[in-house]
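Student: Provided herewith is a single structure, encoded as C-alpha cells, for subsequent inquiry.
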Amino acid sequence: MKKWFRELYMNIMLKVVVGKRYNRGKGEDEEEETRSYGEVISEWFHYLGQFLVAIALPFLDWLDLGGYKKIMKRVARELDYIVGKWLEEHRRKSSFDNVKEENDFMDVLIQVVEDDDDVAVTPFQTLIAGGSDTTTVMLTWTLSLLLNNPYALRKAQEELDTQVGQDRQVNESDIKNLCYLHAIVKETLRLYPATFLNATKVCTKDCTIAGYHVPKGTWLIVNTWKLHRDPNIWQDPCEFRPERFLSPNQRGVDVIGMDFEMIPFGARRRRCPGIGLACQTLHMVLATLLHNFVISTPNGEPVDMSAIAGLTNAKATPPEVLISPCLHATIDA
Ligand code: HEM
C-alpha cells in the first residue's frame, strides 16, 4: 500500500508542479540514456531522509563515511539537470502558447520571476518533498489504524454507504457529509503526525515562555508528538478514538494551526502551505478506497505500529493488506 500511496501522491504533486506524471518518466525524456525522473526522484527521497554521522559530528565530514555525500551530490546534479530541462520546456511552450488552458505551478512561476532560474527551480524540491512524503505517510498510518480498529473501519464504511450509497462513486461534494471520516483523519493526524518535530525556528528577540527566559537566537523545535499525547488535554491520549472529535468538548478542534493543542501542520505564519491540498486529497483517497474495497490483514494479525526515524514519521514496516473489491466497485466514476 505504501508504494501505491506514494505513486499516487507523486503523480498529484508532479502534475500540479510541472504537469508531468511520476510513473511515466522514461520515454518522455528526449535522451534515452537518461534515467527516468521517477528513478532519480526516488533516489533523491531516499537520501534526503538519511541521517549522516557528519551532521552530529561535523569534524568527520571530510571522511564522508558510507560515501553518502558523494552519492547525494551526484543525485542532486541529476535532479538539477531534469528540473532544468523542464524549465526550458515550460519556457519554450509559454513562448509559443501564451494562452495555455491549464497552467501548472512552474508556468505561473515563470510568468512571475521571468529569467531567474534559481527562483523558478527551488520551489520544485520544497513542494515535492513537502507534499508527497507527508501525505503518503499519513495515509499509511490511517489505513494501519483502521486495520487495528475494525469497529472504526466498519463505522466509516457504514457512513459511506449511508451518505454515498452503492450506486455511484464518491465525489468531492460528498466529503463534507462524512463526519466520521473527518474524525478518523483528525485522530490519525493527532496520534501519528507526519512530522513529530516541526521545522526549526529561531527566536528573533528575547522572550519569556512559561516563566523561562529564552534569549534571542535560541533554536525552537516544537515536539508535536508530546503535545498531541498530553494527558492534561486528551483523555486516554494514546488510544485511537475518532469519536473524541464528535464529542461536544473536541468537536471544534481543527488542524489548521488555530487550536494549539493539535498542530500537525504547524501554526501561524510558517505553518504548512499545503493544508488545503493535503486535507482534500487525504479525505478523497481514503473515502474512495474504503467505499470500493473490503480491507483486512492477510493473517488476521494486528498491524505493527512502530515508526522509524527519518525526515517524516514513517511506519517501520509496510502494511500488508488483503484487499478485495466490494460488489458495487465496478460502477464507473
Ligand atoms: C498530511 C499532509 C501534510 C502534513 C502533516 C504537513 C505538515 C507540515 C509541517 C508540520 C510543516 C512545518 C510547519 C512549521 O514549521 O511550523 C510543513 C511545511 C511545509 N509543507 Fe506541509 N504537510 C503536509 C502536506 C503538504 C502538501 C500537500 C504540501 C504541498 C502542496 C506541503 C508543503 C509544505 C511546504 C512547502 C512547507 C514549508 C513551509 C515553510 O518553510 O514556510 N505540505 N508541512
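A note on labels: chains of the C-alpha cells are A, B, ... as shown, every chain counts residues from 1, and ligands are counted from 1 in their shown order.
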I'd like the contact shell of segment 170-179 of chain A - 9 Å cut-off, only C-alpha atoms, skipping same-chain residues fewer than 3 positions apart - returned as a list in words.
Tutor: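 Listed by chain and then number, they are Ala156, Glu159, Leu160, Gln163, Val164, Gly165, His182, Ala183, Ile184, Leu246, Gln280, His283, Met284, Ala287, Thr288, His291 and Ala333 of chain A.
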Student: List all protein, DNA and RNA residues that have an atom no more than 7 Å from any atom of ligand 1, counting only C-alpha atoms and all ligand atoms, and report them as a PyMOL selection string.
Tutor: chain A and resi 126-128+130-132+134-135+138+189+193-195+198-200+264-267+270-275+277-279
Student: Name the residues of segment 86-177 of chain A that come out as helix (DSSP H, G or I) in a backbone DSSP run; write them as a PyMOL selection string.
Tutor: chain A and resi 86-96+105-113+117-148+150-163+172-177
Student: Check the smallest atom-to-atom distance from each of A:Tyr81, A:Gln50, A:Phe293, A:Thr140 to Lys69 of chain A using only C-alpha atoms, then report the winner.
Tutor: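 Among the listed residues, the smallest separation from Lys69 of chain A belongs to A:Gln50.
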Student: What does the structure give for the distance between atom CA of Ile209 of chain A and atom CA of Asn223 of chain A, in Å to one decimal?
Tutor: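 Atom CA of Asn223 of chain A lies at a distance of 15.1 Å from atom CA of Ile209 of chain A.
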Student: Would you mind writing down, as JSON, numbers by chain, each residue of segment 133-312 of chain A that DSSP on the backbone assigns to strand (DSSP E or B)?
Tutor: {"A": [197, 201, 202, 207, 208, 209, 212, 213, 214, 219, 220, 223, 293, 294, 295, 296, 307, 308]}
Student: Can those selected residues be exported to a file as a PDB file, in the first residue's frame so that it contains C-alpha atoms?
Tutor:
```pdb
ATOM      1  CA  LEU A 197       9.304  17.618  15.403  1.00  0.00           C
ATOM      2  CA  LYS A 201      12.565  28.168  14.244  1.00  0.00           C
ATOM      3  CA  VAL A 202      14.944  30.787  15.644  1.00  0.00           C
ATOM      4  CA  CYS A 207      11.195  36.448  25.292  1.00  0.00           C
ATOM      5  CA  THR A 208       9.704  34.610  28.268  1.00  0.00           C
ATOM      6  CA  ILE A 209       7.870  31.314  27.735  1.00  0.00           C
ATOM      7  CA  TYR A 212      11.654  30.617  31.226  1.00  0.00           C
ATOM      8  CA  HIS A 213      13.860  33.303  29.774  1.00  0.00           C
ATOM      9  CA  VAL A 214      14.541  32.491  26.110  1.00  0.00           C
ATOM     10  CA  TRP A 219      16.530  27.444  18.297  1.00  0.00           C
ATOM     11  CA  LEU A 220      12.966  26.341  18.913  1.00  0.00           C
ATOM     12  CA  ASN A 223       7.565  18.445  19.862  1.00  0.00           C
ATOM     13  CA  PHE A 293     -12.744  -2.258  -1.211  1.00  0.00           C
ATOM     14  CA  VAL A 294     -13.067  -4.614   1.693  1.00  0.00           C
ATOM     15  CA  ILE A 295      -9.771  -4.445   3.570  1.00  0.00           C
ATOM     16  CA  SER A 296      -8.232  -6.734   6.173  1.00  0.00           C
ATOM     17  CA  ALA A 307       7.889   4.117  13.438  1.00  0.00           C
ATOM     18  CA  ILE A 308      11.378   4.791  12.097  1.00  0.00           C
TER      19      ILE A 308
END
```
Student: Taking only C-alpha atoms into account, which of A:Phe59, A:Phe105, A:Phe51, A:Trp4 comes nearest Val16 of chain A?
Tutor: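 The answer is A:Phe105, which sits nearest to Val16 of chain A.
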Student: What gap, in Å, lies between atom CA of Lys186 of chain A and atom CA of Pro242 of chain A?
Tutor: 7.5 Å
Student: Please measure the separation of atom CA of Asp107 of chain A and atom CA of Asp80 of chain A, giving the value in Å to one decimal.
Tutor: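 A separation of 17.6 Å between them.
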Student: So that I can see what lies close to segment 318-327 of chain A, please list as a PyMOL selection string the residues with an atom at most 10 Å from it, counting only C-alpha atoms and leaving out residues fewer than 5 positions away in the same chain.
Tutor: chain A and resi 1-3+140-141+143-144+147+166+289-300+303-305
Student: May I ask which of the residues A:Ile256, A:Thr204, A:Glu39, A:Glu187 is the closest one to Glu243 of chain A, counting only C-alpha atoms?
Tutor: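 Of all the options, A:Glu187 lies closest to Glu243 of chain A.
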Student: Show me, as a PDB file with N, CA and C atoms, in the first residue's frame, the residues that have an atom within 8 Å of Pro215 of chain A when counting only C-alpha atoms, minus same-chain residues fewer than 5 positions from it.
Tutor:
```pdb
ATOM      1  N   CYS A 203      14.405  32.219  17.552  1.00  0.00           N
ATOM      2  CA  CYS A 203      13.783  33.397  18.190  1.00  0.00           C
ATOM      3  C   CYS A 203      14.464  34.664  17.676  1.00  0.00           C
ATOM      4  N   LYS A 205      13.866  37.667  18.999  1.00  0.00           N
ATOM      5  CA  LYS A 205      14.144  38.578  20.125  1.00  0.00           C
ATOM      6  C   LYS A 205      14.016  37.821  21.447  1.00  0.00           C
ATOM      7  N   ASP A 206      14.563  38.400  22.509  1.00  0.00           N
ATOM      8  CA  ASP A 206      14.444  37.796  23.845  1.00  0.00           C
ATOM      9  C   ASP A 206      12.962  37.673  24.199  1.00  0.00           C
ATOM     10  N   CYS A 207      12.580  36.554  24.837  1.00  0.00           N
ATOM     11  CA  CYS A 207      11.195  36.448  25.292  1.00  0.00           C
ATOM     12  C   CYS A 207      11.092  35.532  26.505  1.00  0.00           C
TER      13      CYS A 207
END
```
Student: Out of A:Ile110, A:Leu52, A:Leu181, A:Leu79, which residue has the shortest atom-to-atom distance to Gly67 of chain A when counting only C-alpha atoms?
Tutor: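 Residue with the minimum atom-to-atom distance to Gly67 of chain A: A:Leu52.
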Student: Show which residues sit within 12 Å of Trp86 of chain A, as a list of chain:residue names. Count only C-alpha atoms, and ignore same-chain residues fewer than 3 positions away.
Tutor: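 In the requested form, the answer reads A:Leu14, A:Val17, A:Val18, A:Gly19, A:Lys20, A:Glu28, A:Asp29, A:Glu30, A:Tyr37, A:Leu79, A:Asp80, A:Tyr81, A:Ile82, A:Val83, A:Glu89, A:His90, A:Arg91, A:Arg92, A:Lys93, A:Asp104, A:Phe105, A:Met106, A:Asp107, A:Ile110, A:Asp117, A:Ala120, A:Val121, A:Phe124.
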